[in-house]
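Notes for the one structure printed next.
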Amino acid sequence: MVIRSADHTRDAEAIANIYAPFVTDTVISFEDVAPTAAEMAARIERLTETHAWLVAVDGDEILGYAYACPHRERAAYQWATEVTVYVDPRHQRRGVGRSLYEALMAGLAERGFRAALAVIALPNEGSVGLHVACGFELVGVLRDIGFKFGKWWDVGWWQLDLGAKNHRSDCVFGQ
């Protein structure tokens with residue numbers, strides 16, 4: 001497996017295909033309509049200008065992806081970033097998500113970001129487990145904040161200090 005920067009022209013279709021079932025079949029994403037490959041290409045191109053978008057590749061197959069985006073638009077938040085990772089279900093629980101996050105967080109720390117934030121619709125044991133293993137800490141839960149599939153969902157906010165050198169796991173960021 002190789003982790004590399006996503007290419008908006010080459011990778012958008014595979015990324016859109018990985019993401020679509022998370023939109024249409026789960027509350028992991030609160031989007032209502034899965035983005036097309038063209039929409040995904042635009043997102044990749046826009047976000048790689050200031051943040052990062054990575055893919056995990058085995059041969060010609062994209063196994064998963066991770067990216068960072070602005071947390072909020074106010075200038076005071078410019079050193080914080082929101083992050084997310086999606087792994088094709090056929091490749092989950094094989095270290096793909098952790099490898100993507102290790103590379104993503106190291107790159108964000110090098111760019112001077114101080115905090116990474118993850119937003120997780122709850123319950124989601126797999127995502128919570130990955131984030132905790134990578135050193136993220138729960139900083140709050142917004143109750144009944146997202147409405148999808150005729151039901152209200154809680155959202156947990158998780159934070160990682162990108163400048164910290166000692167995390168509770170073997171994930172090493174900002175060193």
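Following the order of the structure tokens, chains are lettered A, B, ..., residues in each are numbered from 1, and ligands are numbered from 1.
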### Query
Which polymer residues have any atom within 12 Å of an atom of Tyr101 in chain A, counting only C-alpha atoms, with same-chain residues fewer than 5 positions away left out, as a PyMOL selection string?
chain A and resi 3-4+52-56+64-68+83-87+95-96+106-109+116+118+127+130-136+160+162+170-174
Written selection (N, CA and C atoms) as a short mmCIF file (atom, residue, chain, number, x, y, z; two decimals), in the first residue's frame:
```cif
data_model
loop_
_atom_site.label_atom_id
_atom_site.label_comp_id
_atom_site.auth_asym_id
_atom_site.auth_seq_id
_atom_site.Cartn_x
_atom_site.Cartn_y
_atom_site.Cartn_z
N ILE A 3 0.70 5.56 0.19
CA ILE A 3 -0.10 6.75 0.48
C ILE A 3 0.48 7.87 -0.38
N ARG A 4 -0.39 8.52 -1.14
CA ARG A 4 0.06 9.63 -1.99
C ARG A 4 -1.02 10.71 -2.03
N ALA A 52 -4.96 19.27 2.52
CA ALA A 52 -4.40 18.04 1.94
C ALA A 52 -5.52 17.05 1.65
N TRP A 53 -5.29 16.23 0.64
CA TRP A 53 -6.20 15.14 0.31
C TRP A 53 -5.32 13.97 -0.13
N LEU A 54 -5.38 12.87 0.59
CA LEU A 54 -4.51 11.73 0.34
C LEU A 54 -5.33 10.50 -0.03
N VAL A 55 -4.71 9.60 -0.78
CA VAL A 55 -5.32 8.31 -1.10
C VAL A 55 -4.35 7.20 -0.71
N ALA A 56 -4.93 6.07 -0.32
CA ALA A 56 -4.16 4.84 -0.11
C ALA A 56 -4.39 3.98 -1.33
N GLY A 64 -8.82 3.77 0.05
CA GLY A 64 -9.45 4.75 0.92
C GLY A 64 -8.82 6.10 0.72
N TYR A 65 -9.37 7.08 1.42
CA TYR A 65 -8.83 8.43 1.30
C TYR A 65 -9.06 9.19 2.60
N ALA A 66 -8.27 10.23 2.79
CA ALA A 66 -8.40 11.11 3.94
C ALA A 66 -8.11 12.53 3.46
N TYR A 67 -8.78 13.47 4.09
CA TYR A 67 -8.52 14.86 3.71
C TYR A 67 -8.75 15.79 4.88
N ALA A 68 -8.26 17.01 4.71
CA ALA A 68 -8.45 18.07 5.69
C ALA A 68 -9.10 19.25 4.98
N VAL A 83 -10.77 17.05 9.79
CA VAL A 83 -10.22 15.92 9.04
C VAL A 83 -11.24 14.80 8.97
N THR A 84 -11.09 13.99 7.95
CA THR A 84 -11.95 12.81 7.82
C THR A 84 -11.23 11.75 7.02
N VAL A 85 -11.68 10.52 7.21
CA VAL A 85 -11.10 9.39 6.49
C VAL A 85 -12.23 8.44 6.10
N TYR A 86 -12.16 7.93 4.89
CA TYR A 86 -13.11 6.93 4.41
C TYR A 86 -12.33 5.79 3.78
N VAL A 87 -12.67 4.57 4.17
CA VAL A 87 -12.01 3.39 3.64
C VAL A 87 -13.07 2.49 3.01
N GLY A 95 -5.55 -1.45 8.57
CA GLY A 95 -4.55 -0.41 8.77
C GLY A 95 -4.59 0.71 7.75
N VAL A 96 -5.54 0.68 6.83
CA VAL A 96 -5.61 1.71 5.79
C VAL A 96 -5.93 3.07 6.41
N ALA A 106 0.83 14.22 9.84
CA ALA A 106 2.22 14.67 9.71
C ALA A 106 2.31 15.84 8.73
N GLY A 107 1.61 15.72 7.61
CA GLY A 107 1.63 16.80 6.63
C GLY A 107 0.97 18.06 7.15
N LEU A 108 -0.11 17.92 7.88
CA LEU A 108 -0.79 19.10 8.44
C LEU A 108 0.09 19.79 9.48
N ALA A 109 0.76 19.00 10.31
CA ALA A 109 1.67 19.58 11.30
C ALA A 109 2.80 20.34 10.61
N ALA A 116 -6.37 19.30 14.89
CA ALA A 116 -7.21 18.58 13.92
C ALA A 116 -8.49 18.20 14.64
N ALA A 118 -12.23 16.12 14.34
CA ALA A 118 -13.00 15.12 13.63
C ALA A 118 -14.43 15.18 14.15
N SER A 127 -15.23 4.26 13.81
CA SER A 127 -14.59 5.56 13.66
C SER A 127 -14.08 6.09 14.99
N LEU A 130 -10.86 4.24 15.82
CA LEU A 130 -9.71 4.71 15.05
C LEU A 130 -9.20 6.04 15.59
N HIS A 131 -10.12 6.97 15.84
CA HIS A 131 -9.70 8.29 16.30
C HIS A 131 -9.04 8.22 17.68
N VAL A 132 -9.59 7.44 18.59
CA VAL A 132 -8.98 7.28 19.91
C VAL A 132 -7.60 6.64 19.78
N ALA A 133 -7.49 5.62 18.95
CA ALA A 133 -6.19 4.96 18.75
C ALA A 133 -5.15 5.91 18.19
N CYS A 134 -5.59 6.90 17.45
CA CYS A 134 -4.67 7.88 16.87
C CYS A 134 -4.47 9.11 17.75
N GLY A 135 -4.99 9.07 18.97
CA GLY A 135 -4.73 10.14 19.92
C GLY A 135 -5.77 11.23 20.01
N PHE A 136 -6.84 11.15 19.25
CA PHE A 136 -7.91 12.14 19.36
C PHE A 136 -8.62 11.98 20.69
N LEU A 160 -7.37 16.59 18.13
CA LEU A 160 -5.98 16.13 18.23
C LEU A 160 -5.07 17.34 18.17
N LEU A 162 -1.90 18.77 17.10
CA LEU A 162 -0.89 18.40 16.10
C LEU A 162 0.52 18.76 16.51
N ASP A 170 0.39 4.30 18.90
CA ASP A 170 1.58 4.26 18.06
C ASP A 170 1.47 5.22 16.89
N CYS A 171 0.36 5.94 16.78
CA CYS A 171 0.28 7.00 15.77
C CYS A 171 1.19 8.13 16.24
N VAL A 172 2.04 8.63 15.39
CA VAL A 172 2.97 9.67 15.76
C VAL A 172 2.75 10.85 14.83
N PHE A 173 2.29 11.95 15.40
CA PHE A 173 1.99 13.13 14.61
C PHE A 173 2.82 14.32 15.12
N GLY A 174 3.17 15.20 14.22
CA GLY A 174 3.80 16.45 14.60
C GLY A 174 5.18 16.30 15.20
#
```
### Task
Mind listing the strand (DSSP E) residues of range 58-126 of chain A, per DSSP on the backbone, as a PyMOL selection string?
chain A and resi 58+61-70+80-87+115-122
### Task
Just the residues within 10 Å of His91 in chain A, please, counting only C-alpha atoms, with nothing from its chain fewer than 6 positions along; format it as a ChimeraX atom specification.
/A:62-64,97
### Message
At a cut-off of 7 Å, using only C-alpha atoms, what residues contact Ala16 in chain A? Leave out same-chain residues fewer than 4 positions from it and give the result as a list in words.
### Response
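Residues near the query, excluding close chain neighbours: Ala12, Ala20, Pro35, Thr36, Ala37 and Met40 of chain A.
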### Which of A:Arg94, A:Gly59, A:Trp79, A:Phe149 sits closest to Glu110 in chain A [using only C-alpha atoms]
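Comparing A:Arg94, A:Gly59, A:Trp79, A:Phe149 against Glu110 in chain A, the winner is A:Trp79.
Proximity to Trp158 in chain A was assessed for A:Asp88, A:Asp25, A:Glu13, A:Glu82 counting only C-alpha atoms; the smallest distance is recorded for A:Glu82.
Nearest to Thr26 in chain A of all the residues A:Val57, A:Ala121, A:Leu47, A:Ala115 is A:Ala121, counting only C-alpha atoms.
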### Task
Choose the residue, out of A:Thr81, A:Thr9, A:Ser99, A:Gln159, that has the smallest atom-to-atom separation from Arg43 in chain A; count only C-alpha atoms.
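Checking each candidate against Arg43 in chain A, we get A:Thr9 as the closest.
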### Query
Could you work out how far CA of Ala103 in chain A lies from CA of Asn124 in chain A, giving the answer in Å with one decimal?
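For CA of Asn124 in chain A relative to CA of Ala103 in chain A, the distance reads 22.9 Å.
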